[in-house]
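S.K.: So that you have it, the file is coords.csv, and it contains CSV, C-alpha atoms:
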```
chain,number,residue,atom,x,y,z
A,588,MET,CA,0.0,0.0,0.0
A,589,THR,CA,1.4,3.4,-0.9
A,590,THR,CA,1.1,6.5,1.3
A,591,THR,CA,-1.3,8.0,-1.2
A,592,ASP,CA,-3.5,4.9,-0.9
A,593,GLN,CA,-3.5,5.3,2.8
A,594,LEU,CA,-4.5,8.9,2.7
A,595,ASN,CA,-7.3,8.2,0.2
A,596,ASP,CA,-8.6,5.3,2.2
A,597,SER,CA,-7.5,6.1,5.7
A,598,MET,CA,-10.7,5.5,7.7
A,599,ARG,CA,-12.1,2.0,7.7
A,600,ASN,CA,-14.2,0.3,10.5
A,601,GLY,CA,-13.7,3.5,12.4
A,602,VAL,CA,-10.0,2.8,12.5
A,603,ASP,CA,-7.7,5.6,11.3
A,604,THR,CA,-5.3,3.3,9.5
A,605,ALA,CA,-3.0,6.2,8.5
A,606,THR,CA,-2.5,6.9,12.2
A,607,LEU,CA,-2.3,3.2,13.0
A,608,PHE,CA,0.5,2.7,10.4
A,609,ALA,CA,2.3,5.9,11.5
A,610,THR,CA,2.2,4.7,15.1
A,611,LEU,CA,3.7,1.3,14.1
A,612,ASP,CA,6.5,3.2,12.2
A,613,ALA,CA,7.1,5.4,15.2
A,614,VAL,CA,7.5,2.4,17.5
A,615,LYS,CA,9.8,0.7,15.1
A,616,GLN,CA,12.1,3.8,15.4
A,617,ALA,CA,11.7,4.0,19.2
A,618,PRO,CA,10.9,0.6,20.7
A,619,GLU,CA,11.0,2.0,24.2
A,620,ALA,CA,7.8,3.9,23.5
A,621,ALA,CA,5.9,0.6,23.6
A,622,LYS,CA,6.7,0.0,27.2
A,623,PHE,CA,3.3,0.6,29.0
A,624,GLN,CA,2.1,0.1,32.5
A,625,PHE,CA,-1.6,-0.3,33.0
A,626,ARG,CA,-3.2,0.1,36.4
A,627,ALA,CA,-6.5,-0.6,38.3
A,628,HIS,CA,-7.2,0.8,41.7
A,629,ASN,CA,-9.8,-0.8,44.0
A,630,GLU,CA,-11.5,0.1,47.2
A,631,TRP,CA,-13.5,-2.3,49.4
A,632,VAL,CA,-17.1,-1.1,50.0
A,633,SER,CA,-18.9,-3.8,52.1
A,634,GLY,CA,-19.0,-7.6,51.9
A,635,THR,CA,-18.1,-8.8,48.4
A,636,HIS,CA,-18.9,-5.3,47.0
A,637,ASN,CA,-15.9,-3.3,46.0
A,638,ARG,CA,-15.2,-0.5,43.5
A,639,GLY,CA,-12.6,-0.3,40.9
A,640,THR,CA,-11.1,2.9,39.4
A,641,ILE,CA,-9.2,3.1,36.1
A,642,ALA,CA,-7.6,6.4,35.3
A,643,ASP,CA,-3.8,6.6,35.1
A,644,PHE,CA,-1.3,4.7,33.0
A,645,PHE,CA,2.2,5.0,31.7
A,646,GLY,CA,3.2,4.8,28.1
A,647,VAL,CA,5.2,6.4,25.3
A,648,GLY,CA,7.7,7.6,27.9
A,649,GLU,CA,5.4,9.4,30.3
A,650,GLU,CA,2.6,9.3,32.8
A,651,ARG,CA,-0.8,9.6,31.2
A,652,SER,CA,-4.5,9.7,32.1
A,653,HIS,CA,-7.6,8.5,30.3
A,654,GLU,CA,-9.9,11.4,29.2
A,655,ARG,CA,-12.1,10.5,32.1
A,656,THR,CA,-12.0,8.2,35.2
A,657,PHE,CA,-13.8,4.9,34.8
A,658,ILE,CA,-15.4,3.4,37.8
A,659,PHE,CA,-16.7,-0.2,38.0
A,660,ASP,CA,-18.4,-1.8,41.0
A,661,ALA,CA,-18.0,-5.6,41.5
A,662,ASP,CA,-19.9,-7.8,43.8
A,663,HIS,CA,-21.4,-11.3,44.1
A,664,PRO,CA,-25.1,-12.0,43.3
A,665,ALA,CA,-27.4,-13.0,46.1
A,666,VAL,CA,-27.0,-16.7,45.3
A,667,LEU,CA,-23.3,-16.2,46.2
A,668,VAL,CA,-24.1,-14.3,49.3
A,669,GLY,CA,-23.6,-10.8,47.8
A,670,GLN,CA,-25.8,-7.8,47.1
A,671,ASP,CA,-25.4,-7.9,43.2
A,672,GLN,CA,-24.1,-4.3,43.1
A,673,GLY,CA,-22.0,-5.3,40.1
A,674,PRO,CA,-20.8,-8.3,38.1
A,675,THR,CA,-18.6,-10.9,39.7
A,676,PRO,CA,-14.8,-10.3,39.2
A,677,ALA,CA,-14.7,-13.6,37.2
A,678,GLU,CA,-17.3,-12.0,34.7
A,679,PHE,CA,-15.1,-8.9,34.3
A,680,LEU,CA,-12.4,-11.3,33.2
A,681,LEU,CA,-14.6,-12.7,30.4
A,682,HIS,CA,-15.5,-9.2,29.4
A,683,ALA,CA,-11.8,-8.3,29.1
A,684,LEU,CA,-11.2,-11.3,26.8
A,685,ALA,CA,-14.2,-10.4,24.5
A,686,ALA,CA,-13.2,-6.8,24.3
A,687,CYS,CA,-9.5,-7.5,23.6
A,688,LEU,CA,-10.3,-9.9,20.7
A,689,THR,CA,-12.9,-7.5,19.3
A,690,SER,CA,-10.6,-4.4,19.4
A,691,GLY,CA,-7.9,-6.3,17.7
A,692,LEU,CA,-10.3,-7.7,15.1
A,693,ALA,CA,-11.4,-4.2,14.0
A,694,ASN,CA,-7.8,-3.0,13.7
A,695,ILE,CA,-6.6,-6.1,11.8
A,696,ALA,CA,-9.7,-6.0,9.4
A,697,ALA,CA,-9.0,-2.3,8.7
A,698,ALA,CA,-5.3,-3.0,8.0
A,699,ARG,CA,-6.4,-5.8,5.6
A,700,ARG,CA,-8.9,-3.5,3.9
A,701,VAL,CA,-11.9,-5.5,5.0
A,702,LYS,CA,-15.0,-3.5,6.0
A,703,LEU,CA,-16.8,-5.1,8.9
A,704,THR,CA,-20.5,-4.8,9.3
A,705,GLU,CA,-21.1,-6.8,12.5
A,706,VAL,CA,-19.0,-8.3,15.2
A,707,ARG,CA,-20.7,-9.9,18.2
A,708,SER,CA,-19.4,-12.4,20.7
A,709,THR,CA,-20.4,-14.4,23.8
A,710,VAL,CA,-17.8,-15.6,26.1
A,711,THR,CA,-18.7,-18.4,28.5
A,712,GLY,CA,-16.6,-19.7,31.4
A,713,ASP,CA,-17.3,-22.9,33.2
A,714,ILE,CA,-16.4,-22.9,36.9
A,715,ASP,CA,-17.0,-25.4,39.7
A,716,LEU,CA,-17.2,-23.3,42.9
A,717,ASN,CA,-16.3,-26.4,45.0
A,718,GLY,CA,-12.7,-25.1,44.3
A,719,ILE,CA,-12.9,-21.6,45.7
A,720,LEU,CA,-15.3,-22.8,48.5
A,721,GLY,CA,-12.5,-25.1,49.6
A,722,LEU,CA,-14.8,-28.2,49.4
A,723,ASP,CA,-12.9,-30.3,46.9
A,724,ALA,CA,-9.1,-30.2,46.7
A,725,GLY,CA,-9.3,-31.7,43.2
A,726,VAL,CA,-11.1,-28.8,41.8
A,727,ARG,CA,-9.2,-25.7,40.7
A,728,ASN,CA,-10.3,-22.2,41.8
A,729,GLY,CA,-10.7,-20.7,38.3
A,730,TYR,CA,-12.5,-21.5,35.1
A,731,GLU,CA,-12.1,-25.0,33.8
A,732,GLN,CA,-12.6,-23.8,30.3
A,733,ILE,CA,-13.6,-20.7,28.4
A,734,THR,CA,-15.3,-20.6,25.1
A,735,VAL,CA,-15.7,-17.5,22.8
A,736,ARG,CA,-18.3,-17.6,20.1
A,737,PHE,CA,-18.0,-14.9,17.5
A,738,THR,CA,-20.4,-13.8,14.8
A,739,VAL,CA,-18.4,-11.8,12.2
A,740,LYS,CA,-19.8,-10.2,9.1
A,741,GLY,CA,-18.1,-8.0,6.5
A,742,ASP,CA,-17.2,-7.6,2.8
A,743,ALA,CA,-14.9,-10.5,2.7
A,744,PRO,CA,-15.3,-14.3,2.2
A,745,ALA,CA,-15.8,-16.4,5.3
A,746,GLU,CA,-12.3,-17.7,5.1
A,747,LYS,CA,-10.8,-14.3,5.2
A,748,LEU,CA,-13.0,-13.2,8.1
A,749,ARG,CA,-11.9,-16.3,10.0
A,750,GLU,CA,-8.2,-15.4,9.3
A,751,ILE,CA,-8.8,-12.0,10.8
A,752,VAL,CA,-10.3,-13.5,14.0
A,753,GLU,CA,-7.3,-15.9,14.1
A,754,GLN,CA,-4.8,-13.0,13.8
A,755,SER,CA,-6.7,-11.2,16.5
A,756,ARG,CA,-6.3,-14.2,18.8
A,757,ALA,CA,-2.6,-14.5,17.8
A,758,ARG,CA,-2.0,-10.8,18.9
A,759,SER,CA,-4.3,-10.5,21.9
A,760,ALA,CA,-2.8,-9.4,25.2
A,761,VAL,CA,-5.7,-10.7,27.3
A,762,PHE,CA,-5.9,-14.0,25.4
A,763,ASP,CA,-2.1,-14.5,26.0
A,764,VAL,CA,-2.5,-13.8,29.7
A,765,ILE,CA,-5.6,-16.0,30.2
A,766,THR,CA,-4.2,-19.0,28.3
A,767,ASN,CA,-0.5,-18.8,29.3
A,768,GLY,CA,-0.6,-17.2,32.7
A,769,VAL,CA,1.6,-14.4,34.1
A,770,PRO,CA,3.5,-14.1,37.4
A,771,VAL,CA,1.6,-12.0,40.0
A,772,THR,CA,3.2,-10.6,43.1
A,773,ILE,CA,1.1,-9.5,46.0
A,774,ASP,CA,2.4,-7.0,48.6
A,775,VAL,CA,0.5,-6.1,51.8
A,776,ASP,CA,0.8,-2.9,53.8
A,777,THR,CA,-1.0,-3.1,57.2
A,778,THR,CA,0.4,0.1,58.7
B,638,MET,CA,-18.3,-21.5,66.5
B,639,THR,CA,-21.8,-22.6,67.6
B,640,THR,CA,-25.0,-21.8,65.7
B,641,THR,CA,-26.0,-19.4,68.5
B,642,ASP,CA,-22.7,-17.5,68.1
B,643,GLN,CA,-23.4,-17.2,64.4
B,644,LEU,CA,-26.8,-15.8,64.9
B,645,ASN,CA,-25.6,-13.4,67.5
B,646,ASP,CA,-22.8,-12.2,65.4
B,647,SER,CA,-23.9,-12.9,61.9
B,648,MET,CA,-23.1,-9.7,60.1
B,649,ARG,CA,-19.4,-8.7,59.9
B,650,ASN,CA,-17.8,-6.6,57.2
B,651,GLY,CA,-21.1,-6.5,55.5
B,652,VAL,CA,-20.9,-10.3,55.1
B,653,ASP,CA,-23.9,-12.3,56.3
B,654,THR,CA,-21.7,-15.1,57.8
B,655,ALA,CA,-24.7,-17.2,58.8
B,656,THR,CA,-25.9,-17.3,55.1
B,657,LEU,CA,-22.3,-17.8,54.0
B,658,PHE,CA,-21.9,-20.9,56.3
B,659,ALA,CA,-25.3,-22.2,55.4
B,660,THR,CA,-24.4,-21.9,51.7
B,661,LEU,CA,-21.2,-23.8,52.3
B,662,ASP,CA,-23.2,-26.5,54.1
B,663,ALA,CA,-25.8,-26.7,51.3
B,664,VAL,CA,-23.0,-27.1,48.7
B,665,LYS,CA,-21.4,-29.9,50.8
B,666,GLN,CA,-24.8,-31.7,50.6
B,667,ALA,CA,-25.2,-31.0,46.8
B,668,PRO,CA,-21.9,-30.4,45.1
B,669,GLU,CA,-23.6,-30.1,41.7
B,670,ALA,CA,-25.0,-26.8,42.9
B,671,ALA,CA,-21.5,-25.3,42.6
B,672,LYS,CA,-21.3,-25.8,38.9
B,673,PHE,CA,-21.6,-22.3,37.4
B,674,GLN,CA,-21.2,-20.8,34.0
B,675,PHE,CA,-20.5,-17.1,33.8
B,676,ARG,CA,-20.9,-15.2,30.5
B,677,ALA,CA,-20.0,-11.9,28.9
B,678,HIS,CA,-21.6,-10.6,25.7
B,679,ASN,CA,-19.8,-8.1,23.4
B,680,GLU,CA,-20.8,-6.0,20.4
B,681,TRP,CA,-18.4,-4.1,18.3
B,682,VAL,CA,-19.2,-0.3,18.0
B,683,SER,CA,-16.4,1.3,15.9
B,684,GLY,CA,-12.7,0.9,15.7
B,685,THR,CA,-11.3,-0.4,19.0
B,686,HIS,CA,-14.5,0.7,20.8
B,687,ASN,CA,-16.8,-2.1,21.8
B,688,ARG,CA,-19.5,-2.7,24.4
B,689,GLY,CA,-19.8,-5.6,26.8
B,690,THR,CA,-23.0,-6.8,28.5
B,691,ILE,CA,-23.1,-8.9,31.6
B,692,ALA,CA,-26.5,-10.2,32.6
B,693,ASP,CA,-27.2,-13.9,32.5
B,694,PHE,CA,-25.4,-16.8,34.2
B,695,PHE,CA,-26.1,-20.4,35.2
B,696,GLY,CA,-25.7,-21.7,38.8
B,697,VAL,CA,-27.3,-23.7,41.5
B,698,GLY,CA,-29.0,-25.8,38.8
B,699,GLU,CA,-30.7,-23.2,36.8
B,700,GLU,CA,-30.5,-20.2,34.5
B,701,ARG,CA,-30.2,-16.9,36.4
B,702,SER,CA,-29.9,-13.2,35.8
B,703,HIS,CA,-28.2,-10.4,37.7
B,704,GLU,CA,-30.7,-7.9,39.2
B,705,ARG,CA,-29.8,-5.5,36.4
B,706,THR,CA,-27.8,-5.7,33.2
B,707,PHE,CA,-24.3,-4.3,33.5
B,708,ILE,CA,-22.8,-2.6,30.4
B,709,PHE,CA,-19.2,-1.7,30.0
B,710,ASP,CA,-17.5,0.1,27.1
B,711,ALA,CA,-13.9,-0.8,26.2
B,712,ASP,CA,-11.6,1.1,23.9
B,713,HIS,CA,-8.0,2.2,23.4
B,714,PRO,CA,-6.8,5.7,24.4
B,715,ALA,CA,-5.8,8.2,21.7
B,716,VAL,CA,-2.1,7.3,22.1
B,717,LEU,CA,-3.1,3.7,21.0
B,718,VAL,CA,-5.2,5.0,18.1
B,719,GLY,CA,-8.6,4.7,19.9
B,720,GLN,CA,-11.2,7.2,21.1
B,721,ASP,CA,-10.9,6.5,24.8
B,722,GLN,CA,-14.6,5.6,25.2
B,723,GLY,CA,-13.6,3.1,27.9
B,724,PRO,CA,-10.7,1.4,29.5
B,725,THR,CA,-8.5,-0.9,27.5
B,726,PRO,CA,-9.4,-4.6,27.8
B,727,ALA,CA,-6.1,-5.2,29.5
B,728,GLU,CA,-7.1,-2.8,32.2
B,729,PHE,CA,-10.4,-4.6,32.8
B,730,LEU,CA,-8.3,-7.7,33.5
B,731,LEU,CA,-6.4,-5.9,36.3
B,732,HIS,CA,-9.7,-4.7,37.7
B,733,ALA,CA,-11.0,-8.3,37.7
B,734,LEU,CA,-8.0,-9.4,39.7
B,735,ALA,CA,-8.2,-6.6,42.3
B,736,ALA,CA,-12.0,-7.2,42.7
B,737,CYS,CA,-11.6,-11.0,43.1
B,738,LEU,CA,-8.9,-10.7,45.8
B,739,THR,CA,-10.9,-8.0,47.6
B,740,SER,CA,-14.2,-9.9,47.6
B,741,GLY,CA,-12.5,-13.0,49.0
B,742,LEU,CA,-10.7,-11.0,51.6
B,743,ALA,CA,-13.9,-9.6,53.1
B,744,ASN,CA,-15.5,-13.0,53.2
B,745,ILE,CA,-12.5,-14.7,54.8
B,746,ALA,CA,-12.0,-11.9,57.3
B,747,ALA,CA,-15.7,-12.2,58.3
B,748,ALA,CA,-15.3,-16.0,58.7
B,749,ARG,CA,-12.3,-15.5,60.9
B,750,ARG,CA,-14.1,-12.9,63.0
B,751,VAL,CA,-11.9,-10.0,61.9
B,752,LYS,CA,-13.5,-6.6,61.4
B,753,LEU,CA,-12.0,-4.8,58.5
B,754,THR,CA,-11.9,-1.0,58.4
B,755,GLU,CA,-10.1,-0.3,55.1
B,756,VAL,CA,-9.0,-2.3,52.1
B,757,ARG,CA,-7.4,-0.6,49.1
B,758,SER,CA,-5.3,-1.9,46.3
B,759,THR,CA,-3.5,-0.9,43.2
B,760,VAL,CA,-2.8,-3.5,40.5
B,761,THR,CA,-0.1,-2.7,38.0
B,762,GLY,CA,0.6,-4.7,34.8
B,763,ASP,CA,3.8,-4.1,32.8
B,764,ILE,CA,3.4,-4.7,29.1
B,765,ASP,CA,5.7,-4.2,26.1
B,766,LEU,CA,3.4,-3.4,23.1
B,767,ASN,CA,6.2,-4.5,20.7
B,768,GLY,CA,4.5,-7.9,21.3
B,769,ILE,CA,1.0,-7.2,20.1
B,770,LEU,CA,2.2,-4.8,17.5
B,771,GLY,CA,4.1,-7.7,15.9
B,772,LEU,CA,7.4,-5.8,16.0
B,773,ASP,CA,9.5,-8.1,18.2
B,774,ALA,CA,8.9,-11.9,18.1
B,775,GLY,CA,10.8,-12.2,21.4
B,776,VAL,CA,8.2,-10.2,23.3
B,777,ARG,CA,5.0,-11.8,24.5
B,778,ASN,CA,1.6,-10.2,23.8
B,779,GLY,CA,0.4,-10.0,27.4
B,780,TYR,CA,1.7,-8.6,30.6
B,781,GLU,CA,5.2,-9.5,31.6
B,782,GLN,CA,4.3,-9.2,35.3
B,783,ILE,CA,1.5,-8.0,37.5
B,784,THR,CA,1.9,-6.6,40.9
B,785,VAL,CA,-0.9,-6.1,43.5
B,786,ARG,CA,-0.3,-3.7,46.4
B,787,PHE,CA,-2.8,-3.9,49.2
B,788,THR,CA,-3.4,-1.7,52.1
B,789,VAL,CA,-5.5,-3.6,54.7
B,790,LYS,CA,-6.6,-2.3,58.1
B,791,GLY,CA,-8.8,-4.0,60.7
B,792,ASP,CA,-9.0,-5.1,64.3
B,793,ALA,CA,-6.4,-7.8,64.1
B,794,PRO,CA,-2.6,-7.9,64.2
B,795,ALA,CA,-0.7,-7.3,61.0
B,796,GLU,CA,0.3,-11.0,60.8
B,797,LYS,CA,-3.4,-12.1,60.9
B,798,LEU,CA,-4.3,-9.5,58.2
B,799,ARG,CA,-1.6,-10.8,56.0
B,800,GLU,CA,-2.8,-14.4,56.5
B,801,ILE,CA,-6.3,-13.3,55.4
B,802,VAL,CA,-4.8,-11.8,52.2
B,803,GLU,CA,-2.8,-15.0,51.6
B,804,GLN,CA,-6.0,-17.1,52.0
B,805,SER,CA,-7.8,-14.8,49.6
B,806,ARG,CA,-5.0,-15.4,47.1
B,807,ALA,CA,-5.1,-19.1,47.7
B,808,ARG,CA,-8.9,-19.2,46.9
B,809,SER,CA,-9.2,-16.6,44.1
B,810,ALA,CA,-10.7,-17.7,40.8
B,811,VAL,CA,-9.2,-14.8,38.9
B,812,PHE,CA,-5.8,-15.1,40.5
B,813,ASP,CA,-5.8,-18.8,39.5
B,814,VAL,CA,-6.7,-18.1,35.9
B,815,ILE,CA,-4.2,-15.2,35.5
B,816,THR,CA,-1.3,-17.1,37.0
B,817,ASN,CA,-2.0,-20.6,35.8
B,818,GLY,CA,-3.9,-20.0,32.5
B,819,VAL,CA,-7.0,-21.8,31.2
B,820,PRO,CA,-7.8,-23.3,27.8
B,821,VAL,CA,-9.8,-21.0,25.6
B,822,THR,CA,-11.7,-22.2,22.5
B,823,ILE,CA,-12.8,-19.7,19.8
B,824,ASP,CA,-15.6,-20.5,17.4
B,825,VAL,CA,-16.5,-18.2,14.5
B,826,ASP,CA,-19.8,-17.9,12.7
B,827,THR,CA,-19.7,-15.9,9.5
B,828,THR,CA,-23.1,-16.7,8.2
```
For this file, produce the structure as structure tokens.
M.R.:
Amino acid sequence: MTTTDQLNDSMRNGVDTATLFATLDAVKQAPEAAKFQFRAHNEWVSGTHNRGTIADFFGVGEERSHERTFIFDADHPAVLVGQDQGPTPAEFLLHALAACLTSGLANIAAARRVKLTEVRSTVTGDIDLNGILGLDAGVRNGYEQITVRFTVKGDAPAEKLREIVEQSRARSAVFDVITNGVPVTIDVDTT
Amino acid sequence: MTTTDQLNDSMRNGVDTATLFATLDAVKQAPEAAKFQFRAHNEWVSGTHNRGTIADFFGVGEERSHERTFIFDADHPAVLVGQDQGPTPAEFLLHALAACLTSGLANIAAARRVKLTEVRSTVTGDIDLNGILGLDAGVRNGYEQITVRFTVKGDAPAEKLREIVEQSRARSAVFDVITNGVPVTIDVDTT
């Protein structure tokens, strides 16, 4: 694709592909710019109800903020002895996975000059709570399996749409973490 | 703890410990009740902006719904060629981890007769976007490491508060998934 092509056809799927490619070029020149730190803050409210705040992050060499502060309550439903003031934490995890695959999908389709008309997904996670309840040492705490079901429509053959989903999977940060795991350190201050 | 003690001292940290223990007893009698399926639905909006919906789940032998439908937008910030209509998916993952550890912490403290006065946390995730940008095959897509920093205060010695955090970690569904990974299947319908 030439620069002229990009300028003539820069917006696709709501993705500014000219800026996307320019960002890729900029990072190629300065790989340190790609070192990000994302953050979530959380404050306990009562029982299983707590409130998360997402606002600040580090990237492209400096401290940054989202344009507004995002606040999300989490809780357990009544059947799990909560007040249902928000989704369970484990549901937020599924949401993160669907969102990551979908964001990538739109970018990749735009880069491949495919116009998407519809992308929907449902992510399901099967979990046996005998694990976290401590009632069966043979049951893990987390999901036993997660399934993502996509409906994808656009101006490309089915095979090409499937390849775009596959590339999104192959380049998804959340998919990588959820399938491969990542080390987590927990520090506690009681002062 | 006797049943009388429980009734006299049932609410602690906003946790109904009598109901919590009754739920544990009920699951001991009927382990199948603990088989849950959580779900997240997602619809692409434009570019990296998409919208998640959390409403329905399966548990205790039947289809259930949250008391209301929770809707969460996700997007990339401008520096990552998005419109910043919501947090990035990778930030929702950190929120899920903080929320899961905090929900568990309140339950465990209540069960151990510890009154909490403050629980705050910040979760940070370090990520090198050269991975997802496809610019360095030696860099993974997801977080390289995640750190959780808790501040926990309550009517117990520091050592006991630390033990409660440790037990929360040991029984966290999201911590398990994020540190150990889980198989994810992706199906695509293009019809």
S.K.: May I ask which of the residues A:Ala757, A:Ala685, A:Val771, A:Val739 is the closest one to Thr704 (chain A), counting only C-alpha atoms?
M.R.: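 Looking at the shortest contact to Thr704 (chain A), the residue is A:Val739.
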S.K.: Which region 631-732 of chain A residues have any atom within 6 Å of an atom of region 603-623 of chain A, and for each, what is the nearest pair of atoms with distance in Å to one decimal, counting all atoms listed in the file, rows sorted by chain and number, as a tab-separated table?
M.R.:
```
residue	atom	partner	partner_atom	distance
A:Phe645	CA	A:Phe623	CA	5.3
A:Gly646	CA	A:Phe623	CA	4.3
A:Val647	CA	A:Ala620	CA	4.0
A:Gly648	CA	A:Ala620	CA	5.7
```
S.K.: Of the candidates A:Asn728, A:Glu746, A:Asp713, A:Phe644, which one gets nearest to Ile815 (chain B) if we count all atoms listed in the file?
M.R.: A:Asn728
S.K.: As an exercise, work out the distance from CA of Asp826 (chain B) to CA of Thr709 (chain A) in Å and give it to one decimal place.
M.R.: 11.7 Å
S.K.: Which residues come within 6 Å of Gly712 (chain A), counting only C-alpha atoms, excluding same-chain residues fewer than 4 positions away, as a VMD selection string?
M.R.: (chain A and resid 730 732 to 733) or (chain B and resid 674 to 675)
S.K.: Restrict the selected residues to C-alpha atoms and save them as a PDB file, keeping the file's coordinate frame.
M.R.:
```pdb
ATOM      1  CA  TYR A 730     -12.500 -21.500  35.100  1.00  0.00           C
ATOM      2  CA  GLN A 732     -12.600 -23.800  30.300  1.00  0.00           C
ATOM      3  CA  ILE A 733     -13.600 -20.700  28.400  1.00  0.00           C
TER       4      ILE A 733
ATOM      5  CA  GLN B 674     -21.200 -20.800  34.000  1.00  0.00           C
ATOM      6  CA  PHE B 675     -20.500 -17.100  33.800  1.00  0.00           C
TER       7      PHE B 675
END
```
S.K.: From the set B:Gly684, B:Pro726, B:Gly771, B:Pro794, which residue has the shortest atom-to-atom contact distance to Phe762 (chain A), counting all atoms listed in the file?
M.R.: B:Pro726
S.K.: Just give me the gap between CA of Leu731 (chain B) and CA of Ser809 (chain B) in Å, one decimal is fine.
M.R.: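 Spanning CA of Leu731 (chain B) to CA of Ser809 (chain B) is a straight-line distance of 13.5 Å.
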S.K.: For each of B:Ala774, B:Val716, B:Ile801, B:Ile769, take the minimum atom-to-atom distance to chain A, counting only C-alpha atoms, then give the residue where this is smallest.
M.R.: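 Checking each candidate against chain A, we get B:Ile769 as the closest.
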S.K.: Please identify all polymer residues within 12 Å of His628 (chain A), counting all atoms listed in the file, omitting same-chain residues fewer than 3 positions from it, and present them as a VMD selection string.
M.R.: (chain A and resid 625 631 637 to 644 656 to 660) or (chain B and resid 728 to 736 739 756 to 762 784 to 788)
S.K.: Between CA of Ala715 (chain B) and CA of Val682 (chain B), what is the spacing in Å?
M.R.: 16.3 Å
S.K.: Between A:Arg699, A:Gly741, A:Gly729, A:Arg651, which residue has the minimum interatomic distance to chain B, considering only C-alpha atoms?
M.R.: A:Gly729
S.K.: For Ser805 (chain B), which of A:Ala743, A:Ile714, A:Ile773, A:Ala677 is the closest residue, counting only C-alpha atoms?
M.R.: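 Ranked by minimum distance to Ser805 (chain B), first place goes to A:Ile773.
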S.K.: Give me, as a ChimeraX atom specification, all polymer residues having an atom no more than 7 Å from Gly723 (chain B), counting all atoms listed in the file and skipping those fewer than 2 positions away in the same chain.
M.R.: /B:710-712,721,725
